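Trainee: Take a look at my_file14.cif, mmCIF, C-alpha atoms and all ligand atoms:
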data_data
#
loop_
_atom_site.group_PDB
_atom_site.id
_atom_site.type_symbol
_atom_site.label_atom_id
_atom_site.label_comp_id
_atom_site.auth_asym_id
_atom_site.auth_seq_id
_atom_site.Cartn_x
_atom_site.Cartn_y
_atom_site.Cartn_z
ATOM 1 C CA MET A 523 0.927 20.310 52.072
ATOM 2 C CA ASP A 524 2.664 18.785 55.119
ATOM 3 C CA VAL A 525 6.197 19.801 56.041
ATOM 4 C CA VAL A 526 8.017 17.309 58.274
ATOM 5 C CA GLU A 527 11.505 17.250 59.731
ATOM 6 C CA SER A 528 11.632 13.743 61.143
ATOM 7 C CA ALA A 529 12.302 10.580 59.175
ATOM 8 C CA ALA A 530 9.678 8.749 61.254
ATOM 9 C CA ALA A 531 6.952 11.260 60.326
ATOM 10 C CA CYS A 532 7.913 11.093 56.646
ATOM 11 C CA ARG A 533 7.880 7.280 56.630
ATOM 12 C CA GLU A 534 4.593 7.092 58.548
ATOM 13 C CA THR A 535 2.793 9.440 56.127
ATOM 14 C CA LEU A 536 4.025 7.556 53.071
ATOM 15 C CA ASP A 537 3.353 4.112 54.638
ATOM 16 C CA ARG A 538 -0.217 5.234 55.335
ATOM 17 C CA ALA A 539 -0.641 6.302 51.711
ATOM 18 C CA ARG A 540 0.680 2.976 50.418
ATOM 19 C CA ALA A 541 -1.595 1.086 52.820
ATOM 20 C CA THR A 542 -4.583 2.544 50.964
ATOM 21 C CA GLY A 543 -3.105 1.476 47.629
ATOM 22 C CA ARG A 544 -1.690 4.826 46.620
ATOM 23 C CA VAL A 545 1.529 5.147 44.604
ATOM 24 C CA VAL A 546 4.214 7.371 46.121
ATOM 25 C CA GLY A 547 6.452 9.662 44.040
ATOM 26 C CA LEU A 548 9.646 11.031 45.576
ATOM 27 C CA VAL A 549 11.627 14.019 44.291
ATOM 28 C CA PRO A 550 14.980 14.310 46.125
ATOM 29 C CA THR A 551 16.431 17.834 46.031
ATOM 30 C CA MET A 552 18.904 20.093 47.789
ATOM 31 C CA GLY A 553 16.543 23.068 47.579
ATOM 32 C CA ALA A 554 17.181 26.331 45.672
ATOM 33 C CA LEU A 555 14.382 25.028 43.483
ATOM 34 C CA HIS A 556 14.072 26.084 39.849
ATOM 35 C CA HIS A 557 12.017 24.974 36.849
ATOM 36 C CA GLY A 558 14.150 21.856 36.505
ATOM 37 C CA HIS A 559 12.901 20.756 39.929
ATOM 38 C CA THR A 560 9.308 21.786 39.334
ATOM 39 C CA SER A 561 9.323 19.732 36.132
ATOM 40 C CA LEU A 562 10.247 16.694 38.277
ATOM 41 C CA VAL A 563 7.445 17.448 40.741
ATOM 42 C CA ALA A 564 4.997 17.930 37.846
ATOM 43 C CA ARG A 565 5.982 14.570 36.357
ATOM 44 C CA ALA A 566 5.617 12.881 39.759
ATOM 45 C CA ARG A 567 2.248 14.613 40.204
ATOM 46 C CA ALA A 568 1.072 13.290 36.836
ATOM 47 C CA GLU A 569 2.214 9.712 37.520
ATOM 48 C CA CYS A 570 1.722 9.187 41.275
ATOM 49 C CA ASP A 571 -1.015 9.596 43.889
ATOM 50 C CA VAL A 572 1.145 11.155 46.594
ATOM 51 C CA VAL A 573 4.158 13.379 45.889
ATOM 52 C CA ALA A 574 6.931 13.880 48.434
ATOM 53 C CA VAL A 575 9.827 16.301 47.926
ATOM 54 C CA SER A 576 12.934 16.132 50.103
ATOM 55 C CA ILE A 577 15.031 19.244 50.663
ATOM 56 C CA PHE A 578 18.399 18.506 52.222
ATOM 57 C CA VAL A 579 21.761 20.093 51.428
ATOM 58 C CA ASN A 580 23.776 16.911 51.868
ATOM 59 C CA PRO A 581 27.180 17.749 53.410
ATOM 60 C CA LEU A 582 28.529 14.312 52.474
ATOM 61 C CA GLN A 583 28.573 15.097 48.751
ATOM 62 C CA PHE A 584 30.543 18.362 48.997
ATOM 63 C CA GLY A 585 34.338 18.004 49.048
ATOM 64 C CA ASP A 586 35.044 21.720 49.310
ATOM 65 C CA PRO A 587 33.751 23.425 52.503
ATOM 66 C CA ASP A 588 33.474 26.744 50.584
ATOM 67 C CA ASP A 589 31.179 25.084 48.046
ATOM 68 C CA ILE A 590 28.647 23.960 50.659
ATOM 69 C CA ALA A 591 28.902 27.299 52.485
ATOM 70 C CA ARG A 592 28.004 29.127 49.263
ATOM 71 C CA TYR A 593 25.256 26.706 48.219
ATOM 72 C CA PRO A 594 22.040 28.780 47.948
ATOM 73 C CA ARG A 595 19.515 28.131 50.749
ATOM 74 C CA THR A 596 16.047 29.440 50.048
ATOM 75 C CA LEU A 597 13.773 27.260 52.190
ATOM 76 C CA GLU A 598 10.804 29.608 52.540
ATOM 77 C CA ARG A 599 10.644 30.180 48.816
ATOM 78 C CA ASP A 600 11.235 26.471 48.145
ATOM 79 C CA LEU A 601 8.210 25.528 50.256
ATOM 80 C CA LEU A 602 6.050 27.925 48.235
ATOM 81 C CA VAL A 603 7.424 26.429 45.034
ATOM 82 C CA CYS A 604 6.645 22.889 46.274
ATOM 83 C CA ALA A 605 3.105 23.894 47.207
ATOM 84 C CA GLY A 606 2.610 25.574 43.825
ATOM 85 C CA ALA A 607 3.938 22.506 41.996
ATOM 86 C CA GLY A 608 1.497 20.208 43.782
ATOM 87 C CA ALA A 609 3.645 18.425 46.392
ATOM 88 C CA ASP A 610 1.744 16.735 49.227
ATOM 89 C CA LEU A 611 4.657 16.364 51.615
ATOM 90 C CA VAL A 612 8.021 18.077 52.013
ATOM 91 C CA PHE A 613 10.692 16.341 54.069
ATOM 92 C CA VAL A 614 13.198 18.870 55.432
ATOM 93 C CA PRO A 615 15.480 16.975 57.797
ATOM 94 C CA PRO A 616 18.081 18.722 59.946
ATOM 95 C CA VAL A 617 21.576 17.326 59.358
ATOM 96 C CA THR A 618 21.508 15.228 62.558
ATOM 97 C CA GLU A 619 18.277 13.545 61.426
ATOM 98 C CA MET A 620 20.131 12.169 58.403
ATOM 99 C CA TYR A 621 23.531 11.750 60.079
ATOM 100 C CA PRO A 622 23.068 11.411 63.869
ATOM 101 C CA SER A 623 26.831 11.476 64.545
ATOM 102 C CA TRP A 624 27.367 14.688 62.553
ATOM 103 C CA PRO A 625 29.898 16.440 62.305
ATOM 104 C CA ALA A 626 31.498 13.001 62.570
ATOM 105 C CA PRO A 627 30.705 11.283 59.253
ATOM 106 C CA PRO A 628 28.395 8.246 59.317
ATOM 107 C CA ALA A 629 30.008 4.847 59.874
ATOM 108 C CA THR A 630 27.932 3.323 57.077
ATOM 109 C CA THR A 631 28.167 4.719 53.576
ATOM 110 C CA VAL A 632 27.292 3.493 50.089
ATOM 111 C CA ALA A 633 29.814 3.438 47.236
ATOM 112 C CA VAL A 634 28.873 2.465 43.691
ATOM 113 C CA ARG A 635 32.177 1.514 42.147
ATOM 114 C CA GLY A 636 32.966 1.858 38.444
ATOM 115 C CA VAL A 637 30.252 4.228 37.307
ATOM 116 C CA SER A 638 31.177 6.664 40.140
ATOM 117 C CA ASP A 639 34.877 6.687 39.392
ATOM 118 C CA ARG A 640 35.320 8.731 36.244
ATOM 119 C CA TRP A 641 34.266 12.218 35.034
ATOM 120 C CA GLU A 642 32.544 14.014 37.928
ATOM 121 C CA GLY A 643 33.788 11.296 40.266
ATOM 122 C CA ALA A 644 37.415 11.877 39.243
ATOM 123 C CA SER A 645 37.143 15.644 39.615
ATOM 124 C CA ARG A 646 35.148 15.525 42.854
ATOM 125 C CA PRO A 647 36.484 12.563 44.882
ATOM 126 C CA GLY A 648 33.875 11.157 47.269
ATOM 127 C CA HIS A 649 31.021 13.115 45.664
ATOM 128 C CA PHE A 650 29.070 10.125 44.393
ATOM 129 C CA ASP A 651 29.610 8.172 47.633
ATOM 130 C CA GLY A 652 27.895 11.103 49.346
ATOM 131 C CA VAL A 653 25.091 11.098 46.778
ATOM 132 C CA ALA A 654 24.605 7.306 46.940
ATOM 133 C CA THR A 655 24.608 7.360 50.739
ATOM 134 C CA VAL A 656 22.010 10.098 51.083
ATOM 135 C CA VAL A 657 19.806 8.787 48.277
ATOM 136 C CA SER A 658 19.838 5.276 49.766
ATOM 137 C CA LYS A 659 18.774 6.802 53.103
ATOM 138 C CA LEU A 660 16.016 8.822 51.449
ATOM 139 C CA PHE A 661 14.795 5.673 49.666
ATOM 140 C CA SER A 662 14.867 3.766 52.943
ATOM 141 C CA ILE A 663 12.849 6.516 54.687
ATOM 142 C CA ALA A 664 10.370 6.965 51.823
ATOM 143 C CA GLY A 665 9.825 3.238 51.190
ATOM 144 C CA PRO A 666 8.657 1.728 47.888
ATOM 145 C CA CYS A 667 8.142 4.553 45.419
ATOM 146 C CA ARG A 668 8.889 6.042 42.051
ATOM 147 C CA ALA A 669 11.828 8.474 42.347
ATOM 148 C CA TYR A 670 12.357 11.348 39.928
ATOM 149 C CA PHE A 671 15.803 12.630 38.920
ATOM 150 C CA GLY A 672 16.940 15.034 36.194
ATOM 151 C CA LEU A 673 18.880 13.758 33.179
ATOM 152 C CA LYS A 674 20.928 16.946 33.638
ATOM 153 C CA ASP A 675 22.971 15.090 36.300
ATOM 154 C CA PHE A 676 23.442 12.128 34.004
ATOM 155 C CA GLN A 677 26.230 10.419 35.935
ATOM 156 C CA GLN A 678 24.295 10.816 39.191
ATOM 157 C CA LEU A 679 21.302 9.152 37.530
ATOM 158 C CA ALA A 680 23.527 6.282 36.339
ATOM 159 C CA VAL A 681 24.950 5.871 39.871
ATOM 160 C CA VAL A 682 21.462 5.841 41.435
ATOM 161 C CA ARG A 683 20.114 3.349 38.897
ATOM 162 C CA ARG A 684 23.060 1.043 39.484
ATOM 163 C CA MET A 685 22.680 1.306 43.271
ATOM 164 C CA VAL A 686 18.962 0.469 43.056
ATOM 165 C CA ARG A 687 19.730 -2.571 40.930
ATOM 166 C CA ASP A 688 22.645 -3.815 43.025
ATOM 167 C CA LEU A 689 20.854 -3.345 46.378
ATOM 168 C CA CYS A 690 17.425 -4.553 45.128
ATOM 169 C CA LEU A 691 15.783 -1.371 46.403
ATOM 170 C CA PRO A 692 12.003 -1.195 45.836
ATOM 171 C CA VAL A 693 12.266 2.007 43.847
ATOM 172 C CA GLU A 694 11.542 2.757 40.208
ATOM 173 C CA VAL A 695 13.964 5.454 39.077
ATOM 174 C CA VAL A 696 12.570 7.878 36.490
ATOM 175 C CA GLY A 697 14.963 10.088 34.482
ATOM 176 C CA CYS A 698 13.370 13.387 33.408
ATOM 177 C CA PRO A 699 14.308 15.852 30.629
ATOM 178 C CA THR A 700 16.803 18.648 31.171
ATOM 179 C CA VAL A 701 15.154 22.055 31.340
ATOM 180 C CA ARG A 702 17.045 24.767 29.460
ATOM 181 C CA GLU A 703 17.030 28.515 29.126
ATOM 182 C CA ALA A 704 16.071 29.766 25.664
ATOM 183 C CA ASP A 705 19.788 30.089 24.748
ATOM 184 C CA GLY A 706 20.474 26.446 25.650
ATOM 185 C CA LEU A 707 21.986 26.799 29.132
ATOM 186 C CA ALA A 708 20.786 23.932 31.332
ATOM 187 C CA LEU A 709 19.088 25.151 34.498
ATOM 188 C CA SER A 710 21.165 24.706 37.651
ATOM 189 C CA SER A 711 20.966 26.105 41.173
ATOM 190 C CA ARG A 712 24.554 27.256 40.633
ATOM 191 C CA ASN A 713 23.758 29.489 37.638
ATOM 192 C CA VAL A 714 22.795 32.375 39.960
ATOM 193 C CA ARG A 715 26.470 32.715 40.903
ATOM 194 C CA LEU A 716 27.562 33.525 37.326
ATOM 195 C CA SER A 717 28.338 37.141 36.391
ATOM 196 C CA GLY A 718 26.735 38.556 33.220
ATOM 197 C CA PRO A 719 29.739 37.749 30.976
ATOM 198 C CA GLU A 720 30.161 34.305 32.587
ATOM 199 C CA ARG A 721 26.464 33.570 32.087
ATOM 200 C CA ARG A 722 26.788 34.442 28.372
ATOM 201 C CA ALA A 723 29.988 32.401 28.029
ATOM 202 C CA ALA A 724 28.344 29.375 29.688
ATOM 203 C CA THR A 725 26.239 28.739 26.584
ATOM 204 C CA VAL A 726 29.309 27.150 24.959
ATOM 205 C CA LEU A 727 28.607 24.011 27.015
ATOM 206 C CA SER A 728 25.374 23.269 25.145
ATOM 207 C CA GLY A 729 27.243 24.426 22.008
ATOM 208 C CA ALA A 730 29.817 21.674 22.603
ATOM 209 C CA LEU A 731 27.029 19.098 22.823
ATOM 210 C CA ALA A 732 25.520 20.410 19.590
ATOM 211 C CA ALA A 733 28.960 20.169 17.936
ATOM 212 C CA GLY A 734 29.282 16.539 19.081
ATOM 213 C CA ARG A 735 25.819 15.688 17.759
ATOM 214 C CA ALA A 736 26.597 17.446 14.467
ATOM 215 C CA ALA A 737 29.841 15.463 14.045
ATOM 216 C CA ILE A 738 27.953 12.198 14.580
ATOM 217 C CA ALA A 739 25.109 13.296 12.293
ATOM 218 C CA THR A 740 27.622 13.893 9.504
ATOM 219 C CA GLY A 741 29.030 10.384 9.871
ATOM 220 C CA GLU A 742 31.870 10.686 12.391
ATOM 221 C CA ARG A 743 32.210 7.345 14.208
ATOM 222 C CA SER A 744 35.396 7.863 16.210
ATOM 223 C CA GLY A 745 34.663 8.782 19.848
ATOM 224 C CA ALA A 746 37.973 10.666 20.043
ATOM 225 C CA ALA A 747 37.130 12.758 16.957
ATOM 226 C CA VAL A 748 33.674 13.585 18.359
ATOM 227 C CA ALA A 749 35.348 14.671 21.609
ATOM 228 C CA ARG A 750 37.734 16.894 19.616
ATOM 229 C CA ALA A 751 34.785 18.534 17.850
ATOM 230 C CA MET A 752 33.193 19.205 21.240
ATOM 231 C CA ARG A 753 36.373 20.719 22.678
ATOM 232 C CA ALA A 754 36.856 22.888 19.591
ATOM 233 C CA ALA A 755 33.418 24.412 20.227
ATOM 234 C CA VAL A 756 34.522 25.669 23.655
ATOM 235 C CA ALA A 757 38.155 26.436 22.868
ATOM 236 C CA GLY A 758 37.615 30.066 21.867
ATOM 237 C CA GLU A 759 35.831 31.070 25.081
ATOM 238 C CA PRO A 760 38.387 32.419 27.589
ATOM 239 C CA LEU A 761 35.921 32.458 30.523
ATOM 240 C CA VAL A 762 35.313 28.722 30.231
ATOM 241 C CA ASP A 763 37.896 26.218 31.449
ATOM 242 C CA VAL A 764 36.879 22.770 30.180
ATOM 243 C CA ASP A 765 37.448 19.766 32.433
ATOM 244 C CA TYR A 766 36.111 17.124 30.029
ATOM 245 C CA ALA A 767 34.131 16.966 26.799
ATOM 246 C CA VAL A 768 33.612 13.348 25.788
ATOM 247 C CA ALA A 769 31.461 10.741 24.076
ATOM 248 C CA VAL A 770 30.734 7.822 26.417
ATOM 249 C CA ASP A 771 28.770 4.590 26.604
ATOM 250 C CA ALA A 772 25.426 5.678 28.114
ATOM 251 C CA VAL A 773 25.343 2.875 30.691
ATOM 252 C CA SER A 774 28.956 2.200 31.758
ATOM 253 C CA LEU A 775 30.051 5.817 31.096
ATOM 254 C CA GLU A 776 33.300 4.468 29.643
ATOM 255 C CA GLU A 777 34.770 6.607 26.868
ATOM 256 C CA ALA A 778 33.440 5.552 23.463
ATOM 257 C CA GLY A 779 36.032 4.179 21.013
ATOM 258 C CA ALA A 780 34.431 3.330 17.685
ATOM 259 C CA ILE A 781 30.777 4.397 17.753
ATOM 260 C CA ASP A 782 28.747 1.509 16.307
ATOM 261 C CA ASP A 783 25.414 2.591 17.765
ATOM 262 C CA PRO A 784 25.065 6.374 18.290
ATOM 263 C CA GLY A 785 21.838 5.659 20.194
ATOM 264 C CA ALA A 786 23.906 4.029 22.955
ATOM 265 C CA VAL A 787 26.242 7.013 23.317
ATOM 266 C CA ARG A 788 26.000 10.021 25.606
ATOM 267 C CA LEU A 789 27.903 13.280 25.224
ATOM 268 C CA LEU A 790 29.182 14.774 28.489
ATOM 269 C CA VAL A 791 30.792 18.136 29.175
ATOM 270 C CA ALA A 792 32.034 19.827 32.366
ATOM 271 C CA ALA A 793 33.764 23.157 32.799
ATOM 272 C CA GLN A 794 34.685 25.764 35.356
ATOM 273 C CA VAL A 795 32.997 29.063 34.501
ATOM 274 C CA GLY A 796 34.163 31.778 36.902
ATOM 275 C CA PRO A 797 33.389 30.499 40.408
ATOM 276 C CA VAL A 798 31.054 27.753 39.233
ATOM 277 C CA ARG A 799 31.522 24.221 37.938
ATOM 278 C CA LEU A 800 28.904 23.493 35.286
ATOM 279 C CA ILE A 801 27.988 20.165 33.716
ATOM 280 C CA ASP A 802 25.750 19.269 30.801
ATOM 281 C CA ASN A 803 25.031 16.261 28.578
ATOM 282 C CA SER A 804 22.879 15.055 25.740
ATOM 283 C CA GLY A 805 22.083 12.069 23.591
ATOM 284 C CA ALA A 806 24.348 11.634 20.586
ATOM 285 C CA LEU A 807 21.624 11.687 17.957
ATOM 286 C CA ALA A 808 20.359 15.090 16.852
ATOM 287 C CA ALA A 809 16.937 13.485 16.364
ATOM 288 C CA ALA A 810 16.974 12.181 19.934
ATOM 289 C CA ASP A 811 16.313 15.642 21.369
ATOM 290 C CA ASP A 812 12.835 17.054 20.932
ATOM 291 C CA THR A 813 12.583 20.610 22.166
ATOM 292 C CA SER A 814 9.494 22.297 23.512
ATOM 293 C CA ALA A 815 8.986 25.726 25.060
ATOM 294 C CA ALA A 816 8.138 25.667 28.760
ATOM 295 C CA PRO A 817 5.283 27.979 29.857
ATOM 296 C CA ASP A 818 7.637 30.598 31.304
ATOM 297 C CA GLY A 819 9.689 30.960 28.153
ATOM 298 C CA THR A 820 12.432 28.559 29.146
ATOM 299 C CA THR A 821 13.066 25.758 26.709
ATOM 300 C CA GLN A 822 12.585 22.169 27.655
ATOM 301 C CA VAL A 823 14.659 19.605 25.870
ATOM 302 C CA ARG A 824 13.119 16.166 25.926
ATOM 303 C CA GLN A 825 15.659 13.413 25.635
ATOM 304 C CA LEU A 826 15.069 9.724 25.113
ATOM 305 C CA GLU A 827 15.626 7.746 28.268
ATOM 306 C CA ARG A 828 18.066 5.193 27.003
ATOM 307 C CA ILE A 829 19.710 4.061 30.193
ATOM 308 C CA GLY A 830 18.744 1.461 32.756
HETATM 309 O O1 LIG B 1 20.746 16.270 42.544
HETATM 310 C C1 LIG B 1 20.665 16.672 43.721
HETATM 311 O O2 LIG B 1 20.053 17.690 44.021
HETATM 312 C C2 LIG B 1 21.357 15.875 44.814
HETATM 313 O O3 LIG B 1 22.544 15.327 44.372
HETATM 314 C C3 LIG B 1 20.445 14.806 45.455
HETATM 315 C C4 LIG B 1 20.051 13.739 44.441
HETATM 316 C C5 LIG B 1 19.194 15.453 46.022
HETATM 317 C C6 LIG B 1 21.187 14.106 46.586
HETATM 318 O O4 LIG B 1 21.580 15.010 47.575
#
Reformat the file's structure so that it appears as C-alpha cells.
Ligand code: PAF

Mentor:
Amino acid sequence: MDVVESAAACRETLDRARATGRVVGLVPTMGALHHGHTSLVARARAECDVVAVSIFVNPLQFGDPDDIARYPRTLERDLLVCAGAGADLVFVPPVTEMYPSWPAPPATTVAVRGVSDRWEGASRPGHFDGVATVVSKLFSIAGPCRAYFGLKDFQQLAVVRRMVRDLCLPVEVVGCPTVREADGLALSSRNVRLSGPERRAATVLSGALAAGRAAIATGERSGAAVARAMRAAVAGEPLVDVDYAVAVDAVSLEEAGAIDDPGAVRLLVAAQVGPVRLIDNSGALAAADDTSAAPDGTTQVRQLERIG
C-alpha cells in the first residue's frame, strides 16, 4: 500500500492505473476509521481495480474551532486499518497541500444551494460548502472514479450527488449502508466522546427512526404526524437534546407534507448528546431496511439506495 502526501503523486498513480484500463475507487475520509469506513473500502475493493482512501481532517467544514481541535486523529492506526481493508493507496495531504493559502481560506469554494441549506446546513452554517469544496478537490485530484460515501451522512451524500450532476464531474457516487452497533447506534467517529450514560441514551436516535417507520407502516400519511411520533420517541430522554426529527423528500430534503409515496421519503434525526452532535437517518419503509450482522458483532443495516 502506497501512502502519499502530494496531490501530484496521488493523481499520477491513479492516472497510471486508468491508463491500463483499471477502474479507480475513492473513499474520502477524515480518519478515525471505524467499521463504517472499512465497509466503504470493502465495497470499493469488491467493485474497483484500484482503491484509494483519502484521510484529511478538512478545516473548512468545521465552524467551531473546539470541534476540529477535539476531532480524533489516529493516523498510524488508520493506515493499518486501510492496509487491512485492502486499500492500494492512501492520500494524506497536509493542510497546505489542499489549501495553499491556509490559514487564509481558499479564494475558490463550492456551494451547493438548496440541498445544503436546511437541517445540518441550518445548524452548521458553512459546513456543506466546506464539504463540497474539499470533495470537489479530491475528485479533481483523483480523476474519473467511483466514490464511496456512507448513507449515514445522508444530506452530505445528497449534496455530493447534486454537485457531481451540476458540475458534470466524471465520478459515479455510490451510497453505502449505515453500519450500526447491535443496539442500533450508527457508527460515528464522534461516538468515542460519549460517556457511558450518554452512549446508552444515544440509542433513542435510532428509536426515533423506528417510531417514524412504525407510524408510516400503520398508515400515517401526514409528514408532520410522523415527525411528532419521532420526537415523542426521544422526548423522555433527558441526556438527548433533539435539534430536528423529520420526514423529508429523499432528493430535495424538503419537509414532507402529505406522504403519497413512502418509498420517496427519508427520516432524519439530529441531536446533541452530551458534548457530541449525532445524526442518523433511514428509509421510511420498515421493509426497506434489511439488517445483517457484521463479522465483529456490529449490525449492518442495508438500506435501499433511492436517491440520485
Ligand atoms: O464524511 C466525511 O468524513 C467528510 O465529510 C468527507 C466526505 C471526507 C469530506 O471531508

Trainee: Pull out every residue that the PyMOL selection byres (((chain A and resi 696) around 9) and not hetatm) matches in the shown coordinates and put them as a VMD selection string.

Mentor: chain A and resid 668 to 672 679 694 to 695 697 to 698 827

Trainee: A:Thr596, A:Ser711, A:Asn803, A:Ser561: which is nearest ligand LIG 1 (chain B), counting all atoms listed in the file?

Mentor: A:Ser711

Trainee: Nearest residue to ligand LIG 1 (chain B) out of A:Ala574, A:Cys532, A:Ala769, A:Val682, using only C-alpha atoms and all ligand atoms?

Mentor: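 Using only C-alpha atoms and all ligand atoms, ligand LIG 1 (chain B) sits closest to A:Val682.
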
Trainee: Just how far from atom C3 of ligand LIG 1 (chain B) is atom CA of Thr700 of chain A, in Å to one decimal?

Mentor: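 About the pair atom CA of Thr700 of chain A and atom C3 of ligand LIG 1 (chain B): they are 15.2 Å apart.
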
Trainee: Which is closest to ligand LIG 1 (chain B) among A:Lys674, A:Leu536, A:Ala529, A:Glu642, if we use all atoms listed in the file?

Mentor: A:Lys674
